[in-house]
>>> print(open('structure-v1.cif').read())   # mmCIF, C-alpha atoms
data_structure
loop_
_atom_site.label_atom_id
_atom_site.label_comp_id
_atom_site.auth_asym_id
_atom_site.auth_seq_id
_atom_site.Cartn_x
_atom_site.Cartn_y
_atom_site.Cartn_z
CA MET A 1 0.00 0.00 0.00
CA THR A 2 1.29 3.43 -0.89
CA THR A 3 1.93 5.82 1.95
CA ARG A 4 -0.52 8.73 1.86
CA VAL A 5 0.74 12.16 2.86
CA GLY A 6 -1.84 14.92 3.13
CA VAL A 7 -1.07 18.49 2.14
CA VAL A 8 -3.49 21.09 3.50
CA THR A 9 -4.67 23.98 1.37
CA PHE A 10 -5.82 27.02 3.32
CA PRO A 11 -7.10 30.14 1.58
CA GLY A 12 -3.82 31.86 0.73
CA SER A 13 -1.57 28.78 0.77
CA LEU A 14 1.10 29.05 -1.94
CA ASP A 15 3.36 26.04 -1.71
CA ASP A 16 0.78 23.29 -1.46
CA ARG A 17 1.42 22.13 -5.02
CA ASP A 18 5.19 22.10 -4.54
CA ALA A 19 4.75 20.16 -1.31
CA GLN A 20 2.54 17.63 -3.12
CA ARG A 21 5.19 17.31 -5.80
CA ALA A 22 7.91 16.72 -3.22
CA VAL A 23 5.77 14.03 -1.59
CA ARG A 24 5.33 12.32 -4.98
CA LEU A 25 9.05 12.51 -5.79
CA ALA A 26 9.80 10.94 -2.43
CA GLY A 27 7.64 7.98 -3.42
CA ALA A 28 4.43 8.64 -1.48
CA GLU A 29 0.97 9.54 -2.64
CA PRO A 30 0.08 13.19 -2.02
CA VAL A 31 -3.48 13.79 -0.85
CA ALA A 32 -4.94 17.27 -1.09
CA LEU A 33 -6.68 18.25 2.15
CA TRP A 34 -9.07 21.18 2.32
CA HIS A 35 -9.11 23.53 5.31
CA ARG A 36 -12.88 23.27 5.81
CA ASP A 37 -12.92 19.47 5.74
CA LYS A 38 -12.33 17.81 9.11
CA ASP A 39 -11.74 14.48 7.39
CA LEU A 40 -8.09 13.57 6.84
CA HIS A 41 -8.97 10.91 4.22
CA GLN A 42 -6.85 8.16 5.76
CA VAL A 43 -3.53 9.96 5.38
CA ASP A 44 -0.53 8.70 7.33
CA ALA A 45 1.14 12.11 7.72
CA VAL A 46 0.36 15.77 7.01
CA VAL A 47 2.31 18.69 5.57
CA LEU A 48 1.17 22.24 6.35
CA PRO A 49 2.61 24.23 3.45
CA GLY A 50 3.98 27.72 3.13
CA GLY A 51 2.09 30.77 1.96
CA PHE A 52 0.01 33.53 3.45
CA SER A 53 -3.06 31.78 4.80
CA TYR A 54 -5.87 34.25 5.45
CA GLY A 55 -3.57 36.98 4.20
CA ASP A 56 -1.56 36.72 7.42
CA TYR A 57 -4.41 38.72 9.01
CA LEU A 58 -4.36 39.08 12.80
CA ARG A 59 -1.08 37.11 13.05
CA CYS A 60 0.50 34.63 10.65
CA GLY A 61 -1.29 31.32 11.07
CA ALA A 62 -3.64 32.60 13.78
CA ILE A 63 -6.85 32.17 11.80
CA SER A 64 -5.85 28.93 10.02
CA ARG A 65 -5.12 27.40 13.37
CA PHE A 66 -8.87 27.40 14.10
CA SER A 67 -9.92 25.89 10.75
CA PRO A 68 -11.89 22.61 10.88
CA VAL A 69 -9.05 20.53 9.41
CA MET A 70 -6.70 21.72 12.16
CA ASP A 71 -8.99 20.32 14.88
CA THR A 72 -8.38 16.85 13.50
CA ILE A 73 -4.69 17.44 12.78
CA ILE A 74 -4.03 18.69 16.33
CA GLU A 75 -5.85 15.66 17.73
CA GLN A 76 -3.93 13.20 15.51
CA ALA A 77 -0.57 14.95 16.03
CA LYS A 78 -1.00 14.42 19.76
CA LEU A 79 -1.53 10.71 19.03
CA GLY A 80 1.74 10.56 17.08
CA MET A 81 0.86 11.28 13.45
CA PRO A 82 3.82 12.95 11.71
CA VAL A 83 3.15 16.62 10.87
CA LEU A 84 5.57 18.94 9.08
CA GLY A 85 4.84 22.66 9.02
CA ILE A 86 6.89 24.66 6.56
CA CYS A 87 7.10 28.46 6.84
CA ASN A 88 3.45 29.47 7.25
CA GLY A 89 2.85 25.88 8.35
CA PHE A 90 5.43 26.37 11.13
CA GLN A 91 3.55 29.52 12.18
CA VAL A 92 0.29 27.51 12.28
CA LEU A 93 1.96 24.85 14.48
CA CYS A 94 3.17 27.50 16.94
CA GLU A 95 -0.25 29.16 17.01
CA SER A 96 -1.76 25.71 17.65
CA HIS A 97 0.64 25.22 20.58
CA LEU A 98 1.80 21.94 19.05
CA LEU A 99 5.21 23.65 19.07
CA PRO A 100 6.44 26.24 21.57
CA GLY A 101 7.50 29.80 20.81
CA ALA A 102 6.33 32.12 18.07
CA LEU A 103 7.47 33.55 14.75
CA THR A 104 7.71 37.30 14.53
CA ARG A 105 8.70 40.00 12.06
CA ASN A 106 12.26 39.63 10.69
CA ASP A 107 14.61 41.89 12.62
CA SER A 108 15.65 43.55 9.34
CA LEU A 109 11.97 44.24 8.51
CA HIS A 110 12.76 43.00 5.00
CA PHE A 111 11.22 40.01 3.32
CA VAL A 112 14.18 37.70 2.80
CA CYS A 113 14.48 35.30 -0.14
CA ARG A 114 17.74 33.35 -0.48
CA ASP A 115 19.32 29.94 -0.75
CA GLN A 116 20.06 29.20 2.87
CA LYS A 117 22.63 26.92 4.40
CA LEU A 118 21.35 24.89 7.34
CA ARG A 119 22.76 22.36 9.73
CA ILE A 120 20.53 19.43 10.63
CA GLU A 121 20.89 19.20 14.40
CA ASN A 122 18.45 16.41 15.13
CA ALA A 123 18.32 13.49 12.68
CA GLY A 124 16.01 11.48 14.89
CA THR A 125 12.65 13.07 14.11
CA ALA A 126 10.00 11.58 11.84
CA TRP A 127 11.00 14.14 9.19
CA THR A 128 14.81 14.11 9.45
CA ARG A 129 15.87 10.49 9.86
CA ASP A 130 17.28 10.39 6.31
CA TYR A 131 19.84 13.03 7.31
CA SER A 132 22.76 12.65 9.66
CA ALA A 133 23.23 14.90 12.67
CA GLY A 134 25.54 17.76 11.73
CA GLN A 135 24.81 17.43 7.99
CA GLU A 136 24.78 20.73 6.12
CA ILE A 137 22.19 21.36 3.44
CA VAL A 138 21.13 24.29 1.26
CA VAL A 139 17.44 24.96 0.62
CA PRO A 140 15.50 28.11 -0.31
CA LEU A 141 14.26 30.40 2.43
CA LYS A 142 11.61 33.08 1.93
CA ASN A 143 9.87 34.81 4.77
CA GLY A 144 8.90 38.15 6.25
CA GLU A 145 8.00 36.83 9.68
CA GLY A 146 10.44 34.04 10.30
CA ARG A 147 12.15 35.17 13.44
CA PHE A 148 11.75 32.38 15.99
CA VAL A 149 11.34 33.69 19.52
CA ALA A 150 10.66 32.01 22.85
CA ASP A 151 11.59 32.83 26.41
CA ALA A 152 15.01 31.74 27.65
CA HIS A 153 13.56 28.88 29.68
CA VAL A 154 11.86 27.39 26.59
CA LEU A 155 14.99 27.88 24.47
CA ASP A 156 17.14 26.12 27.08
CA GLU A 157 14.65 23.29 27.24
CA LEU A 158 14.64 22.92 23.43
CA GLU A 159 18.44 22.81 23.39
CA ALA A 160 18.70 20.41 26.33
CA GLU A 161 16.21 17.98 24.84
CA GLY A 162 17.77 18.13 21.36
CA ARG A 163 14.61 19.63 19.93
CA VAL A 164 16.33 22.16 17.70
CA VAL A 165 15.99 20.35 14.36
CA ALA A 166 17.88 22.77 12.11
CA ARG A 167 19.97 25.90 12.57
CA TYR A 168 20.94 28.67 10.15
CA LEU A 169 24.58 28.64 9.10
CA ASP A 170 26.70 31.56 7.81
CA VAL A 171 23.81 34.04 7.88
CA ASN A 172 20.95 34.36 10.32
CA PRO A 173 18.38 35.69 7.84
CA ASN A 174 15.70 36.89 10.23
CA GLY A 175 17.15 37.32 13.71
CA SER A 176 15.86 33.98 15.03
CA TYR A 177 17.00 33.32 18.58
CA ARG A 178 19.99 30.96 18.68
CA ASP A 179 19.90 30.72 14.86
CA ILE A 180 16.94 28.36 15.08
CA ALA A 181 15.46 27.39 11.71
CA GLY A 182 13.32 24.49 12.89
CA ILE A 183 12.17 22.69 16.03
CA THR A 184 10.29 19.55 17.00
CA ASN A 185 7.90 18.52 19.75
CA ALA A 186 9.01 16.19 22.53
CA ALA A 187 7.80 13.10 20.68
CA GLY A 188 9.62 14.02 17.46
CA ASN A 189 6.59 13.59 15.19
CA VAL A 190 5.76 17.29 14.78
CA VAL A 191 8.39 19.45 13.07
CA GLY A 192 8.23 23.13 12.16
CA LEU A 193 10.71 24.56 9.70
CA MET A 194 11.02 28.09 8.36
CA PRO A 195 13.05 27.29 5.19
CA HIS A 196 11.51 25.39 2.29
CA PRO A 197 12.78 21.85 1.63
CA GLU A 198 9.94 21.29 -0.87
CA HIS A 199 11.63 23.78 -3.21
CA ALA A 200 14.88 21.80 -3.20
CA VAL A 201 13.83 18.44 -4.59
CA GLU A 202 14.72 18.71 -8.30
CA PRO A 203 17.86 20.03 -10.03
CA LEU A 204 15.81 22.02 -12.56
CA THR A 205 14.15 24.30 -10.04
CA GLY A 206 16.04 24.01 -6.77
CA PRO A 207 19.51 25.10 -5.69
CA THR A 208 20.04 21.48 -4.56
CA THR A 209 17.95 18.37 -4.06
CA GLU A 210 18.85 18.31 -0.40
CA GLY A 211 15.31 19.09 0.75
CA LEU A 212 13.96 15.75 -0.43
CA GLY A 213 15.24 14.04 2.71
CA PHE A 214 12.42 15.52 4.79
CA PHE A 215 9.88 13.73 2.62
CA THR A 216 11.77 10.44 2.27
CA SER A 217 12.33 10.44 6.04
CA VAL A 218 8.65 10.33 6.85
CA LEU A 219 8.14 7.47 4.40
CA LYS A 220 10.75 5.38 6.18
CA GLN A 221 9.28 6.35 9.52
CA LEU A 222 5.85 5.13 8.43
CA VAL A 223 7.04 1.95 6.72
CA ASN A 224 9.05 0.95 9.78
CA ALA A 225 6.25 1.86 12.18
CA MET B 1 -24.48 49.40 21.49
CA ALA B 2 -21.64 48.96 23.91
CA ARG B 3 -18.07 48.95 22.79
CA VAL B 4 -15.27 46.96 24.37
CA VAL B 5 -11.71 47.72 23.39
CA VAL B 6 -8.99 45.09 23.42
CA ASP B 7 -5.45 46.43 23.16
CA VAL B 8 -2.74 43.97 22.24
CA MET B 9 0.95 44.80 22.68
CA LEU B 10 4.11 42.79 22.17
CA LYS B 11 5.58 41.82 25.53
CA PRO B 12 8.32 44.20 26.66
CA GLU B 13 11.03 41.58 26.17
CA ILE B 14 10.04 40.89 22.55
CA LEU B 15 11.89 43.01 19.99
CA ASP B 16 9.54 45.26 18.03
CA PRO B 17 11.38 46.11 14.81
CA GLN B 18 8.34 47.96 13.44
CA GLY B 19 8.22 50.24 16.45
CA GLN B 20 11.96 50.82 16.14
CA ALA B 21 11.60 51.77 12.48
CA VAL B 22 8.88 54.26 13.39
CA GLN B 23 11.00 55.66 16.20
CA ARG B 24 13.97 56.17 13.86
CA ALA B 25 11.80 57.95 11.29
CA LEU B 26 10.34 60.46 13.77
CA PRO B 27 13.40 62.73 14.15
CA ARG B 28 13.74 62.93 10.37
CA LEU B 29 10.28 64.47 10.34
CA GLY B 30 11.17 66.91 13.08
CA PHE B 31 9.47 65.03 15.91
CA THR B 32 12.24 64.94 18.47
CA GLY B 33 12.35 63.84 22.08
CA ILE B 34 10.65 60.47 21.55
CA ALA B 35 12.83 57.86 23.18
CA ASP B 36 10.98 54.71 22.25
CA VAL B 37 8.05 53.52 20.14
CA ARG B 38 6.24 50.23 20.39
CA GLN B 39 3.48 49.33 18.00
CA GLY B 40 0.41 47.33 18.93
CA LYS B 41 -3.09 46.45 17.82
CA ARG B 42 -6.45 47.78 18.93
CA PHE B 43 -9.65 45.79 18.49
CA GLU B 44 -13.02 47.50 18.88
CA LEU B 45 -15.75 45.01 19.68
CA GLU B 46 -19.36 46.16 19.42
CA LEU B 47 -21.53 44.07 21.71
CA GLU B 48 -25.10 43.12 20.90
CA GLY B 49 -26.12 42.87 24.55
CA PRO B 50 -25.13 44.55 27.81
CA VAL B 51 -21.53 44.69 29.03
CA ASP B 52 -21.83 42.57 32.14
CA ASP B 53 -19.29 40.38 33.88
CA ALA B 54 -20.25 37.38 31.80
CA ALA B 55 -19.77 39.28 28.54
CA LEU B 56 -16.41 40.62 29.68
CA ALA B 57 -15.29 37.18 30.74
CA ARG B 58 -16.10 35.86 27.27
CA ILE B 59 -14.18 38.71 25.66
CA ARG B 60 -11.17 38.02 27.86
CA GLU B 61 -11.35 34.42 26.74
CA ALA B 62 -11.48 35.51 23.09
CA ALA B 63 -8.52 37.81 23.63
CA GLU B 64 -6.55 35.08 25.36
CA THR B 65 -7.19 32.37 22.78
CA PHE B 66 -7.41 34.34 19.56
CA LEU B 67 -6.88 38.11 19.51
CA ALA B 68 -3.54 37.88 21.29
CA ASN B 69 -0.83 35.25 21.18
CA THR B 70 0.09 35.21 24.83
CA VAL B 71 3.45 33.63 24.04
CA ILE B 72 4.60 37.01 22.72
CA GLU B 73 1.79 39.48 23.46
CA ASP B 74 -0.05 41.01 26.42
CA PHE B 75 -3.58 42.34 26.20
CA THR B 76 -5.91 44.61 28.11
CA VAL B 77 -9.71 44.71 27.96
CA ARG B 78 -11.68 47.86 28.74
CA VAL B 79 -15.18 49.15 28.22
CA GLU B 80 -15.44 52.33 26.23
CA GLU B 81 -18.05 54.89 27.24
CA GLU B 82 -21.24 54.41 25.35
CA ALA B 83 -21.82 56.78 22.50
CA LYS B 84 -24.75 59.16 23.07
#
>>> encode(input="structure-v1.cif", output="structure tokens")
Amino acid sequence: MTTRVGVVTFPGSLDDRDAQRAVRLAGAEPVALWHRDKDLHQVDAVVLPGGFSYGDYLRCGAISRFSPVMDTIIEQAKLGMPVLGICNGFQVLCESHLLPGALTRNDSLHFVCRDQKLRIENAGTAWTRDYSAGQEIVVPLKNGEGRFVADAHVLDELEAEGRVVARYLDVNPNGSYRDIAGITNAAGNVVGLMPHPEHAVEPLTGPTTEGLGFFTSVLKQLVNA
Amino acid sequence: MARVVVDVMLKPEILDPQGQAVQRALPRLGFTGIADVRQGKRFELELEGPVDDAALARIREAAETFLANTVIEDFTVRVEEEAK
């Protein structure tokens, strides 16, 4: 049976098609999920894609977080279903309190779009097991509100428990505390990432194909489960 | 109709680059003597019914769960004088 990975489309999502494509290239079956539909259609994992859901009104991800599909995703994520939130998806995960902290306006106030070097810090999550700890990858990054913030206690806890999944190398593009590009929950099934691995899966369009590992990782995770 | 105002501000320890940009622009326009600017949000809620304790409690709940992200923001709730 093919592994089914859902990709949610909210009003204002941009990267849902690219995320579906990355899922397909990784060898799974992408399943389009609609924000108003509570039903997850028997998917094994979910990707919350990048974009500007609800126009980023109120706060990025704040309105999407209360959409019907998120009720089910939050419930299933707590039961262990793998969930990857990319960019706006990361913001939705923080607003949902599935991940701690928040994403705020870049310290430069500029929207930043660049090929970004990252170091994978935790290769034990559902979404990073195809990497090795310390591996450096380059994937596109594009955000206006990507600055990860949390209080010192939460940051120390994330570090101590190895829950920083990826860190910015060379340049910190948005002022994120401790150069944090991505984090995971305690169980390792929910990952939020500000850069875009789904844009680095094919040589024609990406700077590298080093983003594909996020999508192949979850496949292995599910097959071995 | 009664109006309740919810003000939402970034917590003091959270950097507010927008406020800083505003603060830096002020002297260029001749507005000197302003040491710091922080930018927030104001929500004006028009209530259908009376502003009683129950209504205010519900609004505080809405502010806590939705209007503000209490990880990074503080909020205040106040009743504005009714328009004549």
>>> resolve_selection(input="structure-v1.cif", expression="the PyMOL selection byres ((chain A and resi 14) around 8)", output="list in words")
Gly12, Ser13, Asp15, Asp16, Arg17, Pro49, Gly50, Gly51 and Phe52 of chain A
>>> residues_around(input="structure-v1.cif", residues="Lys220 (chain A)", least_positions_apart="6", cutoff="10 Å", atoms="only C-alpha atoms", output="list in words")
Thr3, Ala126, Trp127, Arg129 and Asp130 of chain A
>>> residues_around(input="structure-v1.cif", residues="Ile63 (chain A)", least_positions_apart="4", cutoff="9 Å", atoms="only C-alpha atoms", output="ChimeraX atom specification")
/A:53-54,56-59,67,92,95 /B:66
>>> resolve_selection(input="structure-v1.cif", expression="the PyMOL selection byres ((chain A) within 12 of (chain B))", output="NGL selection string")
:A and (57-66 or 91-92 or 94-97 or 99-110 or 144-145 or 147-152 or 154 or 174-177)
>>> resolve_selection(input="structure-v1.cif", expression="the PyMOL selection byres ((chain A and resi 160-164) around 10)", output="number ranges by chain")
A: 120-125, 154-159, 165-167, 178-188, 191-192
>>> residues_around(input="structure-v1.cif", residues="Gln42 (chain A)", least_positions_apart="4", cutoff="12 Å", atoms="all atoms listed in the file", output="PyMOL selection string")
chain A and resi 2-6+29-33+38+46+72-73+76+81
>>> write_last_selection(input="structure-v1.cif", atoms="C-alpha atoms", output="PDB file, in the frame of the given file")
ATOM      1  CA  THR A   2       1.290   3.430  -0.890  1.00  0.00           C
ATOM      2  CA  THR A   3       1.930   5.820   1.950  1.00  0.00           C
ATOM      3  CA  ARG A   4      -0.520   8.730   1.860  1.00  0.00           C
ATOM      4  CA  VAL A   5       0.740  12.160   2.860  1.00  0.00           C
ATOM      5  CA  GLY A   6      -1.840  14.920   3.130  1.00  0.00           C
ATOM      6  CA  GLU A  29       0.970   9.540  -2.640  1.00  0.00           C
ATOM      7  CA  PRO A  30       0.080  13.190  -2.020  1.00  0.00           C
ATOM      8  CA  VAL A  31      -3.480  13.790  -0.850  1.00  0.00           C
ATOM      9  CA  ALA A  32      -4.940  17.270  -1.090  1.00  0.00           C
ATOM     10  CA  LEU A  33      -6.680  18.250   2.150  1.00  0.00           C
ATOM     11  CA  LYS A  38     -12.330  17.810   9.110  1.00  0.00           C
ATOM     12  CA  VAL A  46       0.360  15.770   7.010  1.00  0.00           C
ATOM     13  CA  THR A  72      -8.380  16.850  13.500  1.00  0.00           C
ATOM     14  CA  ILE A  73      -4.690  17.440  12.780  1.00  0.00           C
ATOM     15  CA  GLN A  76      -3.930  13.200  15.510  1.00  0.00           C
ATOM     16  CA  MET A  81       0.860  11.280  13.450  1.00  0.00           C
TER      17      MET A  81
END
>>> residues_around(input="structure-v1.cif", residues="Ile34 (chain B)", least_positions_apart="3", cutoff="10 Å", atoms="only C-alpha atoms", output="ChimeraX atom specification")
/B:23-24,26-27,31,37
>>> residues_around(input="structure-v1.cif", residues="region 212-214 of chain A", least_positions_apart="5", cutoff="7 Å", atoms="only C-alpha atoms", output="number ranges by chain")
A: 22, 26, 127-128, 130-131, 197-198, 200-201
>>> write_last_selection(input="structure-v1.cif", atoms="C-alpha atoms", output="JSON list (two decimals), in the coordinates of the input")
[["chain", "number", "residue", "atom", "x", "y", "z"],
["A", 22, "ALA", "CA", 7.91, 16.72, -3.22],
["A", 26, "ALA", "CA", 9.80, 10.94, -2.43],
["A", 127, "TRP", "CA", 11.00, 14.14, 9.19],
["A", 128, "THR", "CA", 14.81, 14.11, 9.45],
["A", 130, "ASP", "CA", 17.28, 10.39, 6.31],
["A", 131, "TYR", "CA", 19.84, 13.03, 7.31],
["A", 197, "PRO", "CA", 12.78, 21.85, 1.63],
["A", 198, "GLU", "CA", 9.94, 21.29, -0.87],
["A", 200, "ALA", "CA", 14.88, 21.80, -3.20],
["A", 201, "VAL", "CA", 13.83, 18.44, -4.59]]
>>> closest_residue(input="structure-v1.cif", among="B:Glu48, B:Glu61, B:Asp36, B:Asp53", to="Pro12 (chain B)", atoms="only C-alpha atoms")
B:Asp36
>>> residues_near_point(input="structure-v1.cif", point="(-19.7, 40.8, 20.8)", cutoff="9 Å", atoms="all atoms listed in the file", output="PDB file with C-alpha atoms, keeping the file's coordinate frame")
ATOM      1  CA  ALA B   2     -21.640  48.960  23.910  1.00  0.00           C
ATOM      2  CA  ARG B   3     -18.070  48.950  22.790  1.00  0.00           C
ATOM      3  CA  VAL B   4     -15.270  46.960  24.370  1.00  0.00           C
ATOM      4  CA  LEU B  45     -15.750  45.010  19.680  1.00  0.00           C
ATOM      5  CA  GLU B  46     -19.360  46.160  19.420  1.00  0.00           C
ATOM      6  CA  LEU B  47     -21.530  44.070  21.710  1.00  0.00           C
ATOM      7  CA  GLU B  48     -25.100  43.120  20.900  1.00  0.00           C
ATOM      8  CA  GLY B  49     -26.120  42.870  24.550  1.00  0.00           C
ATOM      9  CA  ALA B  55     -19.770  39.280  28.540  1.00  0.00           C
ATOM     10  CA  ARG B  58     -16.100  35.860  27.270  1.00  0.00           C
ATOM     11  CA  ILE B  59     -14.180  38.710  25.660  1.00  0.00           C
TER      12      ILE B  59
END
